[in-house]
Amino acid sequence: MPYIEVIKQLMSEKNINQQKLADILNVNQTTISQWLLGKKKPSYDNIMLFYEKFGITPNELFGIDHK
């Protein structure tokens with residue numbers, strides 16, 4: 001599952017909008033929008049924040065399966 005779908009699923013499960021996610025990750029709402037549109041990918045620091053705040057590993061965020 002690509003990062004866009006993972007972020008959308010997270011927002012749905014946590015019942016948060018783009019602005020709330022932006023506040024949690026300390027980024028602009030525009031940044032969240034660009035991720036969801038596939039115009040940008042989260043930076044390394046943001047990837048680590050997804051892990052710290054939500055327990056989503058980098059592999060999970062980007063759909064990497066090491067089976």
# chains A, B, ... in the order shown; residues from 1 in each chain; ligands from 1
call {"tool": "residues_around", "arguments": {"residues": "Ile32 (chain A)", "least_positions_apart": "6", "cutoff": "9 Å", "atoms": "only C-alpha atoms", "output": "ChimeraX atom specification"}}
result
/A:18-19,21-22,40,42
call {"tool": "select_by_dssp", "arguments": {"residues": "chain A", "states": "helix (DSSP H, G or I)", "output": "VMD selection string"}}
result
chain A and resid 3 to 14 18 to 25 29 to 36 44 to 54 58 to 61
call {"tool": "write_last_selection", "arguments": {"atoms": "N, CA and C atoms", "output": "short mmCIF file (atom, residue, chain, number, x, y, z; two decimals), in the first residue's frame"}}
result
data_model
loop_
_atom_site.label_atom_id
_atom_site.label_comp_id
_atom_site.auth_asym_id
_atom_site.auth_seq_id
_atom_site.Cartn_x
_atom_site.Cartn_y
_atom_site.Cartn_z
N TYR A 3 2.28 5.14 0.34
CA TYR A 3 2.16 6.07 1.46
C TYR A 3 0.87 6.89 1.42
N ILE A 4 0.37 7.21 0.25
CA ILE A 4 -0.86 8.00 0.14
C ILE A 4 -2.02 7.25 0.79
N GLU A 5 -2.14 5.97 0.47
CA GLU A 5 -3.23 5.17 1.03
C GLU A 5 -3.04 4.95 2.53
N VAL A 6 -1.80 4.80 2.96
CA VAL A 6 -1.53 4.61 4.39
C VAL A 6 -1.93 5.87 5.16
N ILE A 7 -1.60 7.04 4.63
CA ILE A 7 -1.95 8.29 5.30
C ILE A 7 -3.46 8.47 5.33
N LYS A 8 -4.12 8.19 4.22
CA LYS A 8 -5.59 8.30 4.18
C LYS A 8 -6.23 7.35 5.19
N GLN A 9 -5.73 6.13 5.26
CA GLN A 9 -6.27 5.15 6.19
C GLN A 9 -6.05 5.61 7.63
N LEU A 10 -4.87 6.13 7.93
CA LEU A 10 -4.56 6.64 9.26
C LEU A 10 -5.53 7.75 9.63
N MET A 11 -5.74 8.69 8.71
CA MET A 11 -6.64 9.82 8.98
C MET A 11 -8.06 9.32 9.23
N SER A 12 -8.47 8.32 8.48
CA SER A 12 -9.81 7.76 8.66
C SER A 12 -9.94 7.05 10.01
N GLU A 13 -8.96 6.22 10.34
CA GLU A 13 -8.99 5.46 11.59
C GLU A 13 -8.95 6.38 12.81
N LYS A 14 -8.17 7.44 12.73
CA LYS A 14 -8.02 8.37 13.86
C LYS A 14 -9.06 9.48 13.82
N GLN A 18 -6.84 16.90 7.49
CA GLN A 18 -5.48 17.28 7.09
C GLN A 18 -4.86 18.27 8.06
N GLN A 19 -5.64 19.24 8.53
CA GLN A 19 -5.09 20.24 9.44
C GLN A 19 -4.66 19.62 10.76
N LYS A 20 -5.46 18.72 11.30
CA LYS A 20 -5.11 18.06 12.56
C LYS A 20 -3.84 17.22 12.41
N LEU A 21 -3.74 16.48 11.29
CA LEU A 21 -2.52 15.70 11.05
C LEU A 21 -1.33 16.62 10.91
N ALA A 22 -1.52 17.73 10.23
CA ALA A 22 -0.43 18.71 10.09
C ALA A 22 0.01 19.23 11.45
N ASP A 23 -0.95 19.51 12.32
CA ASP A 23 -0.62 19.98 13.67
C ASP A 23 0.16 18.93 14.44
N ILE A 24 -0.26 17.68 14.34
CA ILE A 24 0.42 16.59 15.05
C ILE A 24 1.86 16.43 14.57
N LEU A 25 2.05 16.55 13.25
CA LEU A 25 3.39 16.34 12.67
C LEU A 25 4.20 17.62 12.57
N GLN A 29 -0.58 22.42 6.53
CA GLN A 29 -1.65 21.63 5.93
C GLN A 29 -1.38 21.42 4.45
N THR A 30 -0.74 22.39 3.80
CA THR A 30 -0.40 22.28 2.39
C THR A 30 0.52 21.09 2.14
N THR A 31 1.41 20.83 3.08
CA THR A 31 2.32 19.69 2.97
C THR A 31 1.53 18.38 2.97
N ILE A 32 0.56 18.27 3.87
CA ILE A 32 -0.28 17.06 3.91
C ILE A 32 -1.01 16.91 2.59
N SER A 33 -1.57 17.99 2.09
CA SER A 33 -2.29 17.96 0.82
C SER A 33 -1.40 17.48 -0.31
N GLN A 34 -0.16 17.98 -0.36
CA GLN A 34 0.78 17.58 -1.41
C GLN A 34 1.14 16.10 -1.30
N TRP A 35 1.24 15.58 -0.08
CA TRP A 35 1.49 14.14 0.09
C TRP A 35 0.31 13.35 -0.46
N LEU A 36 -0.90 13.77 -0.11
CA LEU A 36 -2.09 13.03 -0.52
C LEU A 36 -2.34 13.10 -2.02
N TYR A 44 12.54 12.42 5.51
CA TYR A 44 13.02 11.47 6.52
C TYR A 44 12.49 11.83 7.90
N ASP A 45 12.58 13.12 8.26
CA ASP A 45 12.11 13.55 9.58
C ASP A 45 10.62 13.28 9.75
N ASN A 46 9.84 13.54 8.70
CA ASN A 46 8.41 13.29 8.77
C ASN A 46 8.10 11.80 8.85
N ILE A 47 8.87 11.00 8.15
CA ILE A 47 8.70 9.54 8.22
C ILE A 47 8.92 9.07 9.65
N MET A 48 9.94 9.62 10.30
CA MET A 48 10.22 9.24 11.68
C MET A 48 9.11 9.72 12.63
N LEU A 49 8.51 10.87 12.32
CA LEU A 49 7.40 11.36 13.13
C LEU A 49 6.18 10.46 13.00
N PHE A 50 5.92 9.92 11.80
CA PHE A 50 4.83 8.96 11.64
C PHE A 50 5.05 7.77 12.57
N TYR A 51 6.30 7.34 12.69
CA TYR A 51 6.62 6.23 13.57
C TYR A 51 6.44 6.63 15.04
N GLU A 52 6.99 7.78 15.42
CA GLU A 52 6.92 8.23 16.81
C GLU A 52 5.48 8.50 17.26
N LYS A 53 4.71 9.14 16.42
CA LYS A 53 3.36 9.57 16.81
C LYS A 53 2.31 8.47 16.63
N PHE A 54 2.50 7.62 15.60
CA PHE A 54 1.46 6.66 15.26
C PHE A 54 1.92 5.20 15.21
N PRO A 58 8.65 3.01 8.71
CA PRO A 58 8.91 3.44 7.33
C PRO A 58 8.50 2.40 6.30
N ASN A 59 8.75 1.13 6.57
CA ASN A 59 8.36 0.06 5.65
C ASN A 59 6.86 0.01 5.47
N GLU A 60 6.13 0.16 6.56
CA GLU A 60 4.67 0.17 6.47
C GLU A 60 4.18 1.38 5.70
N LEU A 61 4.78 2.53 5.94
CA LEU A 61 4.36 3.75 5.26
C LEU A 61 4.51 3.65 3.75
#
call {"tool": "closest_residue", "arguments": {"among": "A:Gly55, A:Asp65, A:Asn17, A:Pro2", "to": "Gly38 (chain A)", "atoms": "only C-alpha atoms"}}
result
A:Pro2
